[in-house]
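Data block below; observations after.
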Amino acid sequence: MRRYILPAVLGIAVMASSPVAQAQPFELVDAPACVNNKGEPVAFRAVEGTRQPLAAGMARRGANGEPMVMRSNFAAAPGPLQQFIDRHECAHHQTGDVDMPHPPRNGPVHLMNEAVADCIAVLRLRHEEGYDAGRLMQVVEALSADMKKIGFPDISISSRVRNIESCFAREGGADELINARLGERGLK
Ligand SMILES: [Zn+2]
């Protein structure tokens, strides 16, 4: 099974030596439209009750092959971060990542897949949700805070933020990026 998890939680066991403050519950946002590169609709499923105290997403196929995004503890994240995670995970379906062999964790191919998914996510937020710089900053702040809590080094956080901000400023939309990605992979 191919799994893509928001890198905020990738491969890092959460080791809280002190009790983690209960996150403020936020209202769940509506899931976005999401269709994978084969034209299959992607289902979004809420997963609650895990010990992971932060919101996270995972893109995968279910036991019956159904493409899906697992939304884990979304109530722990403010709306803008929920919207970002949904579209980031959807991007792993749109680009065909989910059906490809998982590249070595944190290797260059994996990091590129994550950077592209972030890029697609913010372009969708800009075009479909009308995000401006102020709302993007809400995503960046919430994401950075979560990555820091999990123990990511500042350099990882700042390079991810730089990619997100430069993508948000680029011309063209998410479809262009998705099509280029599929073209590179011979998937279209
Ligand atoms: Zn990802």
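Numbering starts fresh at 1 for the residues of each chain in the structure tokens, the chains themselves are lettered A, B, ... in the order given, and ligands are numbered from 1 as they appear.
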
Could you pull out the helix (DSSP H, G or I) residues of range 23-132 of chain A from DSSP and send them as number ranges by chain? A: 74-76, 79-94, 97-99, 108-129

Restricted to C-alpha atoms, what would the selected residues look like written as a short mmCIF file (atom, residue, chain, number, x, y, z; two decimals), in the first residue's frame?
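Result saved to result-v5.cif:
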```cif
data_model
loop_
_atom_site.label_atom_id
_atom_site.label_comp_id
_atom_site.auth_asym_id
_atom_site.auth_seq_id
_atom_site.Cartn_x
_atom_site.Cartn_y
_atom_site.Cartn_z
CA PHE A 74 -8.58 17.64 11.70
CA ALA A 75 -10.39 19.34 14.58
CA ALA A 76 -6.94 20.13 16.01
CA GLY A 79 -9.63 25.90 8.91
CA PRO A 80 -6.88 27.19 6.60
CA LEU A 81 -4.51 24.37 7.60
CA GLN A 82 -7.29 21.80 7.14
CA GLN A 83 -7.92 23.17 3.65
CA PHE A 84 -4.22 23.00 2.85
CA ILE A 85 -3.80 19.42 4.08
CA ASP A 86 -6.83 18.25 2.07
CA ARG A 87 -5.43 19.69 -1.14
CA HIS A 88 -1.88 18.51 -0.42
CA GLU A 89 -3.12 14.94 0.00
CA CYS A 90 -5.40 15.26 -3.03
CA ALA A 91 -2.35 16.32 -5.04
CA HIS A 92 -0.70 12.96 -4.30
CA HIS A 93 -3.68 11.37 -6.07
CA GLN A 94 -3.77 13.93 -8.89
CA ASP A 97 2.15 9.52 -6.51
CA VAL A 98 -0.23 7.17 -4.73
CA ASP A 99 0.09 4.47 -7.40
CA PRO A 108 15.27 13.71 -3.06
CA VAL A 109 12.41 12.11 -4.98
CA HIS A 110 10.21 11.99 -1.92
CA LEU A 111 11.02 15.58 -0.98
CA MET A 112 10.24 16.67 -4.53
CA ASN A 113 6.87 14.90 -4.39
CA GLU A 114 6.10 16.71 -1.17
CA ALA A 115 7.18 20.09 -2.56
CA VAL A 116 4.99 19.60 -5.63
CA ALA A 117 2.00 18.59 -3.49
CA ASP A 118 2.47 21.74 -1.37
CA CYS A 119 2.66 23.81 -4.53
CA ILE A 120 -0.50 22.36 -6.03
CA ALA A 121 -2.30 22.85 -2.72
CA VAL A 122 -1.56 26.57 -2.44
CA LEU A 123 -2.33 27.22 -6.11
CA ARG A 124 -5.73 25.62 -5.57
CA LEU A 125 -6.31 27.72 -2.46
CA ARG A 126 -5.45 30.84 -4.42
CA HIS A 127 -7.62 30.05 -7.45
CA GLU A 128 -10.53 28.19 -5.90
CA GLU A 129 -10.77 29.70 -2.44
#
```

Residues within 12 Å of Asn37 in chain A, only C-alpha atoms, excluding chain neighbours under 2 positions, as a PyMOL selection string: chain A and resi 34-35+39-42+67+90-100+175+178-179+181-183+185-188

With C-alpha atoms retained, could you export that selection as an mmCIF file, in the first residue's frame?
```cif
data_model
loop_
_atom_site.group_PDB
_atom_site.id
_atom_site.type_symbol
_atom_site.label_atom_id
_atom_site.label_comp_id
_atom_site.auth_asym_id
_atom_site.auth_seq_id
_atom_site.Cartn_x
_atom_site.Cartn_y
_atom_site.Cartn_z
ATOM 1 C CA CYS A 34 -10.730 15.622 -5.778
ATOM 2 C CA VAL A 35 -10.316 13.273 -8.722
ATOM 3 C CA GLY A 39 -10.486 9.967 -13.289
ATOM 4 C CA GLU A 40 -11.494 8.157 -10.110
ATOM 5 C CA PRO A 41 -13.179 10.247 -7.386
ATOM 6 C CA VAL A 42 -11.212 10.453 -4.140
ATOM 7 C CA PRO A 67 -8.641 6.211 -3.612
ATOM 8 C CA CYS A 90 -5.403 15.257 -3.031
ATOM 9 C CA ALA A 91 -2.346 16.315 -5.036
ATOM 10 C CA HIS A 92 -0.695 12.958 -4.304
ATOM 11 C CA HIS A 93 -3.684 11.375 -6.066
ATOM 12 C CA GLN A 94 -3.773 13.934 -8.886
ATOM 13 C CA THR A 95 -0.087 13.471 -9.748
ATOM 14 C CA GLY A 96 -0.162 9.679 -9.557
ATOM 15 C CA ASP A 97 2.150 9.516 -6.509
ATOM 16 C CA VAL A 98 -0.226 7.166 -4.728
ATOM 17 C CA ASP A 99 0.086 4.467 -7.401
ATOM 18 C CA MET A 100 3.839 4.709 -7.751
ATOM 19 C CA ASP A 175 -3.681 22.097 -13.478
ATOM 20 C CA ILE A 178 -0.326 18.543 -12.476
ATOM 21 C CA ASN A 179 -0.215 18.086 -16.249
ATOM 22 C CA ARG A 181 4.063 16.217 -13.603
ATOM 23 C CA LEU A 182 1.946 13.569 -15.321
ATOM 24 C CA GLY A 183 3.766 14.269 -18.585
ATOM 25 C CA ARG A 185 5.940 10.399 -15.658
ATOM 26 C CA GLY A 186 4.364 9.230 -18.889
ATOM 27 C CA LEU A 187 0.980 9.157 -17.170
ATOM 28 C CA LYS A 188 -0.887 11.216 -19.715
#
```

Check the smallest atom-to-atom distance from each of A:Gly57, A:Pro25, A:Pro32, A:Pro153 to ligand 1 using only C-alpha atoms and all ligand atoms, then report the winner. A:Gly57

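Proximity to ligand 1 was assessed for A:Arg160, A:Ala46, A:Arg135, A:Ala63 counting only C-alpha atoms and all ligand atoms; the smallest distance is recorded for A:Arg160.
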
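CA of Asn36 in chain A is found 26.0 Å from CA of Leu54 in chain A.
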
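Checking A:Leu136, A:Arg45, A:Asn64, A:Met147 one by one against Glu165 in chain A, counting only C-alpha atoms, you find the shortest gap at A:Leu136.
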
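Between CA of Ile164 in chain A and CA of His102 in chain A there is a distance of 22.7 Å.
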
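Between CA of Ile150 in chain A and CA of Pro101 in chain A the separation is 26.3 Å.
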
For the strand (DSSP E or B) assignment from backbone DSSP, which residues of range 46-101 of chain A qualify? Please present them as a PyMOL selection string. chain A and resi 46-47+56-61+67-72

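Of the listed residues A:Gly173, A:Asn106, A:Pro53, A:Pro78, the one whose atoms come nearest to ligand 1 is A:Asn106, with distances taken using only C-alpha atoms and all ligand atoms.
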